[in-house]
file structure20.pdb (PDB, C-alpha atoms and all ligand atoms)
ATOM      1  CA  MET A  18      28.583   4.846  -9.907  1.00  0.00           C
ATOM      2  CA  GLU A  19      31.220   4.443  -7.227  1.00  0.00           C
ATOM      3  CA  PHE A  20      29.831   4.415  -3.663  1.00  0.00           C
ATOM      4  CA  TYR A  21      31.384   7.672  -2.396  1.00  0.00           C
ATOM      5  CA  GLU A  22      30.455   9.406  -5.631  1.00  0.00           C
ATOM      6  CA  VAL A  23      26.843   8.437  -4.909  1.00  0.00           C
ATOM      7  CA  ILE A  24      27.134   9.790  -1.350  1.00  0.00           C
ATOM      8  CA  ASN A  25      28.538  13.093  -2.608  1.00  0.00           C
ATOM      9  CA  LYS A  26      26.126  13.402  -5.533  1.00  0.00           C
ATOM     10  CA  ARG A  27      22.887  12.852  -3.634  1.00  0.00           C
ATOM     11  CA  ARG A  28      20.939  16.080  -3.244  1.00  0.00           C
ATOM     12  CA  SER A  29      17.277  16.760  -2.618  1.00  0.00           C
ATOM     13  CA  ILE A  30      15.803  17.412  -6.053  1.00  0.00           C
ATOM     14  CA  ARG A  31      12.409  19.089  -6.309  1.00  0.00           C
ATOM     15  CA  GLN A  32      12.044  19.654 -10.057  1.00  0.00           C
ATOM     16  CA  PHE A  33      11.610  16.741 -12.412  1.00  0.00           C
ATOM     17  CA  GLU A  34      11.369  16.097 -16.143  1.00  0.00           C
ATOM     18  CA  ASP A  35       8.237  14.524 -17.555  1.00  0.00           C
ATOM     19  CA  ARG A  36       9.889  11.132 -18.089  1.00  0.00           C
ATOM     20  CA  GLU A  37       9.043   7.631 -16.916  1.00  0.00           C
ATOM     21  CA  ILE A  38      11.449   5.516 -14.882  1.00  0.00           C
ATOM     22  CA  PRO A  39      11.964   1.989 -16.271  1.00  0.00           C
ATOM     23  CA  ARG A  40      10.411  -0.688 -14.080  1.00  0.00           C
ATOM     24  CA  GLU A  41      13.719  -2.553 -13.632  1.00  0.00           C
ATOM     25  CA  VAL A  42      15.346   0.628 -12.287  1.00  0.00           C
ATOM     26  CA  LEU A  43      12.525   1.057  -9.767  1.00  0.00           C
ATOM     27  CA  GLU A  44      12.800  -2.576  -8.727  1.00  0.00           C
ATOM     28  CA  ARG A  45      16.529  -2.151  -8.034  1.00  0.00           C
ATOM     29  CA  ILE A  46      15.818   0.935  -5.900  1.00  0.00           C
ATOM     30  CA  LEU A  47      13.049  -0.852  -3.972  1.00  0.00           C
ATOM     31  CA  ASP A  48      15.285  -3.869  -3.481  1.00  0.00           C
ATOM     32  CA  ALA A  49      18.054  -1.615  -2.119  1.00  0.00           C
ATOM     33  CA  GLY A  50      15.563  -0.224   0.399  1.00  0.00           C
ATOM     34  CA  LEU A  51      14.478  -3.671   1.487  1.00  0.00           C
ATOM     35  CA  LYS A  52      18.106  -4.664   2.165  1.00  0.00           C
ATOM     36  CA  ALA A  53      18.374  -2.015   4.928  1.00  0.00           C
ATOM     37  CA  PRO A  54      19.043  -2.998   8.533  1.00  0.00           C
ATOM     38  CA  SER A  55      15.981  -3.206  10.771  1.00  0.00           C
ATOM     39  CA  SER A  56      15.293  -3.272  14.505  1.00  0.00           C
ATOM     40  CA  ASN A  57      14.840  -6.819  15.830  1.00  0.00           C
ATOM     41  CA  HIS A  58      15.352  -7.926  12.216  1.00  0.00           C
ATOM     42  CA  GLN A  59      11.672  -7.334  11.605  1.00  0.00           C
ATOM     43  CA  ARG A  60      11.754  -5.752   8.141  1.00  0.00           C
ATOM     44  CA  ARG A  61       8.173  -4.819   8.930  1.00  0.00           C
ATOM     45  CA  TRP A  62       7.762  -2.632   5.853  1.00  0.00           C
ATOM     46  CA  GLU A  63       5.189  -2.497   3.048  1.00  0.00           C
ATOM     47  CA  LEU A  64       6.037  -0.210   0.154  1.00  0.00           C
ATOM     48  CA  VAL A  65       3.159   1.337  -1.769  1.00  0.00           C
ATOM     49  CA  THR A  66       4.753   2.359  -5.044  1.00  0.00           C
ATOM     50  CA  LEU A  67       2.923   4.776  -7.294  1.00  0.00           C
ATOM     51  CA  THR A  68       3.853   4.987 -10.970  1.00  0.00           C
ATOM     52  CA  ASP A  69       0.417   5.747 -12.402  1.00  0.00           C
ATOM     53  CA  LYS A  70       0.464   9.475 -13.173  1.00  0.00           C
ATOM     54  CA  ALA A  71      -3.256   9.908 -12.467  1.00  0.00           C
ATOM     55  CA  ILE A  72      -2.851   8.385  -8.993  1.00  0.00           C
ATOM     56  CA  ILE A  73       0.248  10.519  -8.316  1.00  0.00           C
ATOM     57  CA  MET A  74      -1.695  13.656  -9.298  1.00  0.00           C
ATOM     58  CA  ASP A  75      -4.555  12.664  -6.985  1.00  0.00           C
ATOM     59  CA  LEU A  76      -2.117  12.040  -4.149  1.00  0.00           C
ATOM     60  CA  ALA A  77      -0.508  15.449  -4.694  1.00  0.00           C
ATOM     61  CA  LYS A  78      -3.858  17.116  -3.924  1.00  0.00           C
ATOM     62  CA  PHE A  79      -3.431  16.110  -0.261  1.00  0.00           C
ATOM     63  CA  ILE A  80      -0.082  17.883   0.021  1.00  0.00           C
ATOM     64  CA  ARG A  81      -0.473  21.411   1.276  1.00  0.00           C
ATOM     65  CA  PRO A  82       1.390  24.023  -0.756  1.00  0.00           C
ATOM     66  CA  TYR A  83       3.436  25.909   1.855  1.00  0.00           C
ATOM     67  CA  PRO A  84       3.500  29.701   1.873  1.00  0.00           C
ATOM     68  CA  CYS A  85       7.032  31.111   2.085  1.00  0.00           C
ATOM     69  CA  ARG A  86       7.620  34.709   3.091  1.00  0.00           C
ATOM     70  CA  ILE A  87      11.399  34.659   2.841  1.00  0.00           C
ATOM     71  CA  GLY A  88      12.577  37.441   0.528  1.00  0.00           C
ATOM     72  CA  GLU A  89      16.376  37.442   0.631  1.00  0.00           C
ATOM     73  CA  PRO A  90      17.598  34.230   2.317  1.00  0.00           C
ATOM     74  CA  LYS A  91      20.280  34.877   4.941  1.00  0.00           C
ATOM     75  CA  THR A  92      21.177  31.283   5.831  1.00  0.00           C
ATOM     76  CA  PRO A  93      21.414  27.949   3.944  1.00  0.00           C
ATOM     77  CA  GLN A  94      18.272  26.874   5.803  1.00  0.00           C
ATOM     78  CA  GLN A  95      16.330  29.910   4.566  1.00  0.00           C
ATOM     79  CA  GLU A  96      17.677  29.287   1.083  1.00  0.00           C
ATOM     80  CA  MET A  97      16.342  25.725   1.342  1.00  0.00           C
ATOM     81  CA  PHE A  98      12.948  26.844   2.711  1.00  0.00           C
ATOM     82  CA  LYS A  99      12.575  29.300  -0.166  1.00  0.00           C
ATOM     83  CA  ILE A 100      13.196  26.544  -2.709  1.00  0.00           C
ATOM     84  CA  ALA A 101      11.417  23.712  -0.893  1.00  0.00           C
ATOM     85  CA  TYR A 102       8.244  25.249   0.568  1.00  0.00           C
ATOM     86  CA  PRO A 103       6.531  26.225  -2.689  1.00  0.00           C
ATOM     87  CA  ARG A 104       7.470  22.905  -4.285  1.00  0.00           C
ATOM     88  CA  GLN A 105       6.007  20.434  -1.796  1.00  0.00           C
ATOM     89  CA  ARG A 106       3.024  19.765  -4.050  1.00  0.00           C
ATOM     90  CA  THR A 107       4.564  20.416  -7.476  1.00  0.00           C
ATOM     91  CA  MET A 108       7.539  18.107  -6.841  1.00  0.00           C
ATOM     92  CA  ILE A 109       5.040  15.278  -6.325  1.00  0.00           C
ATOM     93  CA  GLU A 110       2.988  16.286  -9.362  1.00  0.00           C
ATOM     94  CA  GLU A 111       6.170  16.227 -11.466  1.00  0.00           C
ATOM     95  CA  ALA A 112       7.455  12.923 -10.013  1.00  0.00           C
ATOM     96  CA  ALA A 113       7.567   9.755 -12.087  1.00  0.00           C
ATOM     97  CA  CYS A 114       7.295   7.619  -8.968  1.00  0.00           C
ATOM     98  CA  VAL A 115       6.308   8.105  -5.338  1.00  0.00           C
ATOM     99  CA  ILE A 116       7.165   5.379  -2.848  1.00  0.00           C
ATOM    100  CA  LEU A 117       5.269   5.263   0.443  1.00  0.00           C
ATOM    101  CA  PRO A 118       7.279   3.080   2.817  1.00  0.00           C
ATOM    102  CA  TYR A 119       4.765   2.080   5.478  1.00  0.00           C
ATOM    103  CA  PHE A 120       6.118   0.531   8.669  1.00  0.00           C
ATOM    104  CA  LYS A 121       4.511  -0.960  11.729  1.00  0.00           C
ATOM    105  CA  GLN A 122       5.153   0.761  15.009  1.00  0.00           C
ATOM    106  CA  GLN A 123       5.344  -1.949  17.686  1.00  0.00           C
ATOM    107  CA  TYR A 124       5.870   0.452  20.598  1.00  0.00           C
ATOM    108  CA  PRO A 125       3.793   3.645  20.171  1.00  0.00           C
ATOM    109  CA  LEU A 126       5.987   6.742  20.335  1.00  0.00           C
ATOM    110  CA  SER A 127       3.363   8.522  22.443  1.00  0.00           C
ATOM    111  CA  GLU A 128       3.710   5.911  25.207  1.00  0.00           C
ATOM    112  CA  ASP A 129       7.452   5.501  24.865  1.00  0.00           C
ATOM    113  CA  LYS A 130       9.267   5.427  28.203  1.00  0.00           C
ATOM    114  CA  ASN A 131      12.369   3.443  27.348  1.00  0.00           C
ATOM    115  CA  GLY A 132      13.398   4.452  23.833  1.00  0.00           C
ATOM    116  CA  TYR A 133      12.010   1.369  22.062  1.00  0.00           C
ATOM    117  CA  GLY A 134       9.559   3.585  20.199  1.00  0.00           C
ATOM    118  CA  LEU A 135      12.286   4.932  17.963  1.00  0.00           C
ATOM    119  CA  MET A 136      13.427   1.525  16.724  1.00  0.00           C
ATOM    120  CA  ASP A 137      10.787   0.902  14.077  1.00  0.00           C
ATOM    121  CA  TYR A 138      10.926   4.518  12.966  1.00  0.00           C
ATOM    122  CA  GLY A 139      14.710   4.309  12.683  1.00  0.00           C
ATOM    123  CA  ALA A 140      14.482   1.147  10.578  1.00  0.00           C
ATOM    124  CA  ALA A 141      12.038   2.874   8.251  1.00  0.00           C
ATOM    125  CA  TRP A 142      14.554   5.681   7.736  1.00  0.00           C
ATOM    126  CA  ALA A 143      17.371   3.233   7.019  1.00  0.00           C
ATOM    127  CA  LEU A 144      15.156   1.904   4.231  1.00  0.00           C
ATOM    128  CA  VAL A 145      14.434   5.430   2.990  1.00  0.00           C
ATOM    129  CA  GLU A 146      18.117   6.386   2.865  1.00  0.00           C
ATOM    130  CA  ASN A 147      19.049   3.199   0.992  1.00  0.00           C
ATOM    131  CA  MET A 148      16.469   4.117  -1.636  1.00  0.00           C
ATOM    132  CA  LEU A 149      17.675   7.732  -1.909  1.00  0.00           C
ATOM    133  CA  LEU A 150      21.222   6.506  -2.503  1.00  0.00           C
ATOM    134  CA  ALA A 151      20.125   3.820  -4.963  1.00  0.00           C
ATOM    135  CA  ALA A 152      18.109   6.426  -6.866  1.00  0.00           C
ATOM    136  CA  THR A 153      21.213   8.620  -7.098  1.00  0.00           C
ATOM    137  CA  ALA A 154      23.263   5.666  -8.351  1.00  0.00           C
ATOM    138  CA  GLU A 155      20.599   5.126 -11.025  1.00  0.00           C
ATOM    139  CA  GLY A 156      20.956   8.736 -12.208  1.00  0.00           C
ATOM    140  CA  LEU A 157      17.655   9.839 -10.676  1.00  0.00           C
ATOM    141  CA  GLY A 158      16.761  12.812  -8.541  1.00  0.00           C
ATOM    142  CA  SER A 159      15.012  12.204  -5.239  1.00  0.00           C
ATOM    143  CA  VAL A 160      13.560  14.008  -2.270  1.00  0.00           C
ATOM    144  CA  VAL A 161      11.457  13.146   0.753  1.00  0.00           C
ATOM    145  CA  HIS A 162       8.296  14.834   1.911  1.00  0.00           C
ATOM    146  CA  ILE A 163       7.264  14.345   5.527  1.00  0.00           C
ATOM    147  CA  PRO A 164       3.495  13.962   5.753  1.00  0.00           C
ATOM    148  CA  VAL A 165       2.193  16.440   8.319  1.00  0.00           C
ATOM    149  CA  LYS A 166      -1.105  17.466   9.911  1.00  0.00           C
ATOM    150  CA  LYS A 167      -3.993  15.784   8.036  1.00  0.00           C
ATOM    151  CA  GLU A 168      -1.794  14.365   5.266  1.00  0.00           C
ATOM    152  CA  PRO A 169      -1.014  10.925   6.818  1.00  0.00           C
ATOM    153  CA  GLU A 170      -4.689  10.150   7.443  1.00  0.00           C
ATOM    154  CA  GLN A 171      -5.844  11.445   4.055  1.00  0.00           C
ATOM    155  CA  ILE A 172      -3.152   9.474   2.223  1.00  0.00           C
ATOM    156  CA  LYS A 173      -3.937   6.350   4.249  1.00  0.00           C
ATOM    157  CA  ASP A 174      -7.634   6.554   3.306  1.00  0.00           C
ATOM    158  CA  PHE A 175      -6.841   7.321  -0.337  1.00  0.00           C
ATOM    159  CA  LEU A 176      -4.498   4.323  -0.693  1.00  0.00           C
ATOM    160  CA  LYS A 177      -6.679   2.060   1.455  1.00  0.00           C
ATOM    161  CA  VAL A 178      -3.817   1.321   3.823  1.00  0.00           C
ATOM    162  CA  PRO A 179      -4.918  -0.948   6.684  1.00  0.00           C
ATOM    163  CA  ASP A 180      -4.883   0.391  10.259  1.00  0.00           C
ATOM    164  CA  GLY A 181      -1.676   0.110  12.230  1.00  0.00           C
ATOM    165  CA  TRP A 182       0.751   1.235   9.540  1.00  0.00           C
ATOM    166  CA  SER A 183       2.724   4.481   9.740  1.00  0.00           C
ATOM    167  CA  LEU A 184       4.321   6.576   7.045  1.00  0.00           C
ATOM    168  CA  PRO A 185       7.691   8.208   7.859  1.00  0.00           C
ATOM    169  CA  ALA A 186       8.094   9.981   4.517  1.00  0.00           C
ATOM    170  CA  LEU A 187       7.050  10.020   0.897  1.00  0.00           C
ATOM    171  CA  VAL A 188      10.011   9.139  -1.318  1.00  0.00           C
ATOM    172  CA  VAL A 189       9.676  11.205  -4.466  1.00  0.00           C
ATOM    173  CA  LEU A 190      11.616  10.112  -7.560  1.00  0.00           C
ATOM    174  CA  GLY A 191      12.181  11.362 -11.076  1.00  0.00           C
ATOM    175  CA  TYR A 192      14.763  12.515 -13.585  1.00  0.00           C
ATOM    176  CA  ALA A 193      15.990  15.938 -12.476  1.00  0.00           C
ATOM    177  CA  VAL A 194      15.510  18.917 -14.756  1.00  0.00           C
ATOM    178  CA  LYS A 195      18.724  20.499 -16.030  1.00  0.00           C
ATOM    179  CA  ASP A 196      20.175  22.765 -13.296  1.00  0.00           C
ATOM    180  CA  PRO A 197      17.545  22.221 -10.599  1.00  0.00           C
ATOM    181  CA  LEU A 198      17.399  24.787  -7.796  1.00  0.00           C
ATOM    182  CA  LEU A 199      19.702  23.666  -4.995  1.00  0.00           C
ATOM    183  CA  PRO A 200      20.424  25.499  -1.748  1.00  0.00           C
ATOM    184  CA  THR A 201      23.953  25.755  -0.423  1.00  0.00           C
ATOM    185  CA  GLN A 202      24.661  22.708   1.707  1.00  0.00           C
ATOM    186  CA  VAL A 203      25.428  23.229   5.388  1.00  0.00           C
ATOM    187  CA  LYS A 204      29.011  22.137   5.986  1.00  0.00           C
ATOM    188  CA  ALA A 205      29.282  19.006   8.083  1.00  0.00           C
ATOM    189  CA  THR A 206      32.806  17.693   8.009  1.00  0.00           C
ATOM    190  CA  VAL A 207      34.954  15.279   9.961  1.00  0.00           C
ATOM    191  CA  GLU A 208      36.874  18.348  11.183  1.00  0.00           C
ATOM    192  CA  ASN A 209      33.888  20.260  12.529  1.00  0.00           C
ATOM    193  CA  LYS A 210      31.482  17.501  13.629  1.00  0.00           C
ATOM    194  CA  VAL A 211      33.480  14.533  14.878  1.00  0.00           C
ATOM    195  CA  HIS A 212      34.741  14.077  18.459  1.00  0.00           C
ATOM    196  CA  TRP A 213      37.323  11.342  18.736  1.00  0.00           C
ATOM    197  CA  ASN A 214      37.160   9.141  21.844  1.00  0.00           C
ATOM    198  CA  LYS A 215      35.285  11.723  23.980  1.00  0.00           C
ATOM    199  CA  TRP A 216      33.156  14.860  23.312  1.00  0.00           C
TER     200      TRP A 216
HETATM  201  C1  LIG B 301      13.963  13.866   8.238  1.00  0.00           C
HETATM  202  C2  LIG B 301      13.975  14.706   6.987  1.00  0.00           C
HETATM  203  C3  LIG B 301      12.833  15.405   6.635  1.00  0.00           C
HETATM  204  C4  LIG B 301      12.792  16.139   5.447  1.00  0.00           C
HETATM  205  N1  LIG B 301      11.612  16.716   5.058  1.00  0.00           N
HETATM  206  C5  LIG B 301      11.529  17.287   3.847  1.00  0.00           C
HETATM  207  C6  LIG B 301      10.261  17.726   3.361  1.00  0.00           C
HETATM  208  O1  LIG B 301       9.215  17.527   3.976  1.00  0.00           O
HETATM  209  N2  LIG B 301      10.241  18.333   2.150  1.00  0.00           N
HETATM  210  C7  LIG B 301      11.374  18.543   1.414  1.00  0.00           C
HETATM  211  O2  LIG B 301      11.275  19.119   0.320  1.00  0.00           O
HETATM  212  N3  LIG B 301      12.578  18.118   1.840  1.00  0.00           N
HETATM  213  C8  LIG B 301      12.680  17.487   3.033  1.00  0.00           C
HETATM  214  N4  LIG B 301      13.891  17.002   3.478  1.00  0.00           N
HETATM  215  C9  LIG B 301      15.102  17.249   2.687  1.00  0.00           C
HETATM  216  C10 LIG B 301      15.977  18.303   3.361  1.00  0.00           C
HETATM  217  O3  LIG B 301      15.407  19.584   3.187  1.00  0.00           O
HETATM  218  C11 LIG B 301      17.367  18.238   2.718  1.00  0.00           C
HETATM  219  O4  LIG B 301      17.927  16.987   2.972  1.00  0.00           O
HETATM  220  C12 LIG B 301      18.288  19.319   3.259  1.00  0.00           C
HETATM  221  O5  LIG B 301      17.807  20.587   2.917  1.00  0.00           O
HETATM  222  C13 LIG B 301      19.719  19.168   2.721  1.00  0.00           C
HETATM  223  O6  LIG B 301      19.733  19.171   1.314  1.00  0.00           O
HETATM  224  P1  LIG B 301      20.292  17.930   0.474  1.00  0.00           P
HETATM  225  O7  LIG B 301      19.389  16.747   0.732  1.00  0.00           O
HETATM  226  O8  LIG B 301      20.262  18.392  -0.954  1.00  0.00           O
HETATM  227  O9  LIG B 301      21.681  17.644   0.965  1.00  0.00           O
HETATM  228  C14 LIG B 301      13.953  16.246   4.641  1.00  0.00           C
HETATM  229  C15 LIG B 301      15.103  15.543   5.007  1.00  0.00           C
HETATM  230  C16 LIG B 301      15.104  14.766   6.142  1.00  0.00           C
HETATM  231  C17 LIG B 301      16.336  13.958   6.487  1.00  0.00           C
END
call {"tool": "encode", "arguments": {"input": "structure20.pdb", "output": "structure tokens", "more": "lines below"}}
Ligand SMILES: Cc1cc2nc3c(=O)[nH]c(=O)nc-3n(C[C@H](O)[C@H](O)[C@H](O)COP(=O)(O)O)c2cc1C
result
Amino acid sequence: MEFYEVINKRRSIRQFEDREIPREVLERILDAGLKAPSSNHQRRWELVTLTDKAIIMDLAKFIRPYPCRIGEPKTPQQEMFKIAYPRQRTMIEEAACVILPYFKQQYPLSEDKNGYGLMDYGAAWALVENMLLAATAEGLGSVVHIPVKKEPEQIKDFLKVPDGWSLPALVVLGYAVKDPLLPTQVKATVENKVHWNKW
């Protein structure tokens, strides 16, 4: 797939077919992630990659199903919440692969006074985005879930992750169902978002 086609095609997919992803496809996606830029050229990432359905189902138990009280969505964000909230657990249960890109935080965000704290986190997200785009190029659907509240600790214990590693997002992959639910995308264009030479 051509690069800009990949950029335009990528959407957050939260409904997947019951279909395995070939190992070589997953390895290409993981490799794309690992080619991302990183702060201080550390590439301090360790990717726990789940393909075993039983393990994925056990992991999904830690993800809180979100209640959603939105009846008639009035904005693209509400439309997204209505689709996304109830699917936070099921999208993982349906996934063929979940990648947990752990990174090491050299400067704790809580003690950050100079902005260094965002560097490792930023590098982790560069890796995540590379994988989302690679997944799209491979014809897969993808979405991220941000682990919140007790989820990071529970997942860390479940996967026996050593201390000192942080999880920015779960990268959830699978073959999309036909016509998955997709909210309207908020328009962000060069015309309405870009300031040339000064604000
Ligand atoms: C930092 C970040 C956090 C996100 N967290 C979640 C999440 O926890 N669960 C989810 O279903 N989608 C999550 N998303 C996906 C967004 O909801 C999605 O990107 C947005 O609604 C636009 O839709 P699109 O990706 O199809 O363009 C997240 C995306 C980003 C960049």
call {"tool": "atom_distance", "arguments": {"input": "structure20.pdb", "atom1": "atom CA of Asp69 of chain A", "atom2": "atom O6 of ligand LIG 301 (chain B)"}}
result
27.2 Å
call {"tool": "resolve_selection", "arguments": {"input": "structure20.pdb", "expression": "the PyMOL selection byres (((chain A and resi 142) around 12) and not hetatm)", "output": "JSON list (two decimals) with C-alpha atoms, keeping the file's coordinate frame"}}
result
[["chain", "number", "residue", "atom", "x", "y", "z"],
["A", 50, "GLY", "CA", 15.56, -0.22, 0.40],
["A", 51, "LEU", "CA", 14.48, -3.67, 1.49],
["A", 53, "ALA", "CA", 18.37, -2.02, 4.93],
["A", 54, "PRO", "CA", 19.04, -3.00, 8.53],
["A", 55, "SER", "CA", 15.98, -3.21, 10.77],
["A", 56, "SER", "CA", 15.29, -3.27, 14.50],
["A", 60, "ARG", "CA", 11.75, -5.75, 8.14],
["A", 62, "TRP", "CA", 7.76, -2.63, 5.85],
["A", 117, "LEU", "CA", 5.27, 5.26, 0.44],
["A", 118, "PRO", "CA", 7.28, 3.08, 2.82],
["A", 119, "TYR", "CA", 4.76, 2.08, 5.48],
["A", 120, "PHE", "CA", 6.12, 0.53, 8.67],
["A", 135, "LEU", "CA", 12.29, 4.93, 17.96],
["A", 136, "MET", "CA", 13.43, 1.52, 16.72],
["A", 137, "ASP", "CA", 10.79, 0.90, 14.08],
["A", 138, "TYR", "CA", 10.93, 4.52, 12.97],
["A", 139, "GLY", "CA", 14.71, 4.31, 12.68],
["A", 140, "ALA", "CA", 14.48, 1.15, 10.58],
["A", 141, "ALA", "CA", 12.04, 2.87, 8.25],
["A", 143, "ALA", "CA", 17.37, 3.23, 7.02],
["A", 144, "LEU", "CA", 15.16, 1.90, 4.23],
["A", 145, "VAL", "CA", 14.43, 5.43, 2.99],
["A", 146, "GLU", "CA", 18.12, 6.39, 2.86],
["A", 147, "ASN", "CA", 19.05, 3.20, 0.99],
["A", 148, "MET", "CA", 16.47, 4.12, -1.64],
["A", 149, "LEU", "CA", 17.68, 7.73, -1.91],
["A", 161, "VAL", "CA", 11.46, 13.15, 0.75],
["A", 163, "ILE", "CA", 7.26, 14.34, 5.53],
["A", 184, "LEU", "CA", 4.32, 6.58, 7.04],
["A", 185, "PRO", "CA", 7.69, 8.21, 7.86],
["A", 186, "ALA", "CA", 8.09, 9.98, 4.52],
["A", 187, "LEU", "CA", 7.05, 10.02, 0.90],
["A", 188, "VAL", "CA", 10.01, 9.14, -1.32]]
call {"tool": "closest_atom_pairs", "arguments": {"input": "structure20.pdb", "of": "chain A", "to": "ligand LIG 301 (chain B)", "cutoff": "9 Å", "atoms": "all atoms listed in the file", "output": "Markdown table"}}
result
| residue | atom | partner | partner_atom | distance |
| --- | --- | --- | --- | --- |
| A:Asn25 | CA | B:LIG301 | O9 | 9.0 |
| A:Lys26 | CA | B:LIG301 | O9 | 8.9 |
| A:Arg27 | CA | B:LIG301 | O8 | 6.7 |
| A:Arg28 | CA | B:LIG301 | O8 | 3.3 |
| A:Ser29 | CA | B:LIG301 | O8 | 3.8 |
| A:Ile30 | CA | B:LIG301 | O8 | 6.8 |
| A:Arg31 | CA | B:LIG301 | O2 | 6.7 |
| A:Pro93 | CA | B:LIG301 | O5 | 8.3 |
| A:Gln94 | CA | B:LIG301 | O5 | 6.9 |
| A:Glu96 | CA | B:LIG301 | O5 | 8.9 |
| A:Met97 | CA | B:LIG301 | O5 | 5.6 |
| A:Phe98 | CA | B:LIG301 | O3 | 7.7 |
| A:Ile100 | CA | B:LIG301 | O2 | 8.2 |
| A:Ala101 | CA | B:LIG301 | O2 | 4.8 |
| A:Tyr102 | CA | B:LIG301 | O2 | 6.8 |
| A:Arg104 | CA | B:LIG301 | O2 | 7.1 |
| A:Gln105 | CA | B:LIG301 | O2 | 5.8 |
| A:Met108 | CA | B:LIG301 | O2 | 8.1 |
| A:Trp142 | CA | B:LIG301 | C1 | 8.2 |
| A:Glu146 | CA | B:LIG301 | C17 | 8.6 |
| A:Ser159 | CA | B:LIG301 | O7 | 8.7 |
| A:Val160 | CA | B:LIG301 | N3 | 5.9 |
| A:Val161 | CA | B:LIG301 | C8 | 5.1 |
| A:His162 | CA | B:LIG301 | O1 | 3.5 |
| A:Ile163 | CA | B:LIG301 | O1 | 4.0 |
| A:Pro164 | CA | B:LIG301 | O1 | 7.0 |
| A:Val165 | CA | B:LIG301 | O1 | 8.3 |
| A:Pro185 | CA | B:LIG301 | C1 | 8.5 |
| A:Ala186 | CA | B:LIG301 | C3 | 7.5 |
| A:Leu187 | CA | B:LIG301 | O1 | 8.4 |
| A:Leu199 | CA | B:LIG301 | O8 | 6.7 |
| A:Pro200 | CA | B:LIG301 | O6 | 7.1 |
| A:Thr201 | CA | B:LIG301 | O6 | 8.0 |
| A:Gln202 | CA | B:LIG301 | O9 | 5.9 |
| A:Val203 | CA | B:LIG301 | C13 | 7.5 |
call {"tool": "atom_distance", "arguments": {"input": "structure20.pdb", "atom1": "atom CA of Ala151 of chain A", "atom2": "atom CA of Arg45 of chain A"}}
result
7.6 Å
call {"tool": "atom_distance", "arguments": {"input": "structure20.pdb", "atom1": "atom CA of Lys195 of chain A", "atom2": "atom CA of Tyr21 of chain A"}}
result
22.6 Å
call {"tool": "residues_around", "arguments": {"input": "structure20.pdb", "residues": "Leu43 of chain A", "least_positions_apart": "2", "cutoff": "10 Å", "atoms": "only C-alpha atoms", "output": "list of chain:residue names"}}
result
A:Ile38, A:Pro39, A:Arg40, A:Glu41, A:Arg45, A:Ile46, A:Leu47, A:Asp48, A:Ala49, A:Thr66, A:Thr68, A:Cys114, A:Ile116, A:Met148, A:Ala151, A:Ala152, A:Glu155, A:Leu190
call {"tool": "closest_residue", "arguments": {"input": "structure20.pdb", "among": "A:Glu111, A:Glu19, A:Glu89, A:Asp75", "to": "Asp35 of chain A", "atoms": "all atoms listed in the file"}}
result
A:Glu111
call {"tool": "residues_around", "arguments": {"input": "structure20.pdb", "residues": "Gln32 of chain A", "least_positions_apart": "4", "cutoff": "8 Å", "atoms": "all atoms listed in the file", "output": "list in words"}}
result
Thr107, Met108, Glu111, Ala193, Val194, Pro197 and Leu198 of chain A
call {"tool": "closest_residue", "arguments": {"input": "structure20.pdb", "among": "A:Ala205, A:Leu67, A:Ala112, A:Leu76", "to": "Arg36 of chain A", "atoms": "all atoms listed in the file"}}
result
A:Ala112
call {"tool": "closest_residue", "arguments": {"input": "structure20.pdb", "among": "A:Trp216, A:Thr153, A:Lys166, A:Ile172", "to": "Phe20 of chain A", "atoms": "all atoms listed in the file"}}
result
A:Thr153
call {"tool": "closest_residue", "arguments": {"input": "structure20.pdb", "among": "A:Trp182, A:Tyr192, A:Phe175, A:Tyr133", "to": "Lys78 of chain A", "atoms": "all atoms listed in the file"}}
result
A:Phe175
call {"tool": "axis_aligned_box", "arguments": {"input": "structure20.pdb", "around": "segment 123-141 of chain A", "padding_each_side": "6 Å", "output": "lines of an AutoDock Vina configuration file"}}
result
center_x = 9.0
center_y = 3.3
center_z = 18.2
size_x = 23.3
size_y = 22.5
size_z = 32.0
call {"tool": "closest_residue", "arguments": {"input": "structure20.pdb", "among": "A:Glu37, A:Cys85, A:Ile80, A:Val65", "to": "Lys167 of chain A", "atoms": "only C-alpha atoms"}}
result
A:Ile80
call {"tool": "closest_residue", "arguments": {"input": "structure20.pdb", "among": "A:Arg61, A:Arg106, A:Lys177, A:Lys91", "to": "Gln123 of chain A", "atoms": "only C-alpha atoms"}}
result
A:Arg61
call {"tool": "decode", "arguments": {"input": "structure20.pdb", "residues": "segment 100-105 of chain A", "atoms": "N, CA and C atoms", "output": "PDB file, in the first residue's frame"}}
result
ATOM      1  N   ILE A 100     -19.283   4.442  20.569  1.00  0.00           N
ATOM      2  CA  ILE A 100     -18.762   3.228  19.924  1.00  0.00           C
ATOM      3  C   ILE A 100     -17.660   2.595  20.793  1.00  0.00           C
ATOM      4  N   ALA A 101     -16.764   3.462  21.296  1.00  0.00           N
ATOM      5  CA  ALA A 101     -15.549   2.942  21.942  1.00  0.00           C
ATOM      6  C   ALA A 101     -15.786   2.413  23.363  1.00  0.00           C
ATOM      7  N   TYR A 102     -16.521   3.167  24.172  1.00  0.00           N
ATOM      8  CA  TYR A 102     -16.631   2.795  25.598  1.00  0.00           C
ATOM      9  C   TYR A 102     -17.065   1.346  25.805  1.00  0.00           C
ATOM     10  N   PRO A 103     -18.155   0.912  25.183  1.00  0.00           N
ATOM     11  CA  PRO A 103     -18.600  -0.461  25.481  1.00  0.00           C
ATOM     12  C   PRO A 103     -17.683  -1.535  24.902  1.00  0.00           C
ATOM     13  N   ARG A 104     -16.745  -1.114  24.042  1.00  0.00           N
ATOM     14  CA  ARG A 104     -15.913  -2.117  23.362  1.00  0.00           C
ATOM     15  C   ARG A 104     -14.501  -2.245  23.923  1.00  0.00           C
ATOM     16  N   GLN A 105     -14.206  -1.561  25.026  1.00  0.00           N
ATOM     17  CA  GLN A 105     -12.829  -1.600  25.521  1.00  0.00           C
ATOM     18  C   GLN A 105     -12.399  -3.020  25.884  1.00  0.00           C
TER      19      GLN A 105
END
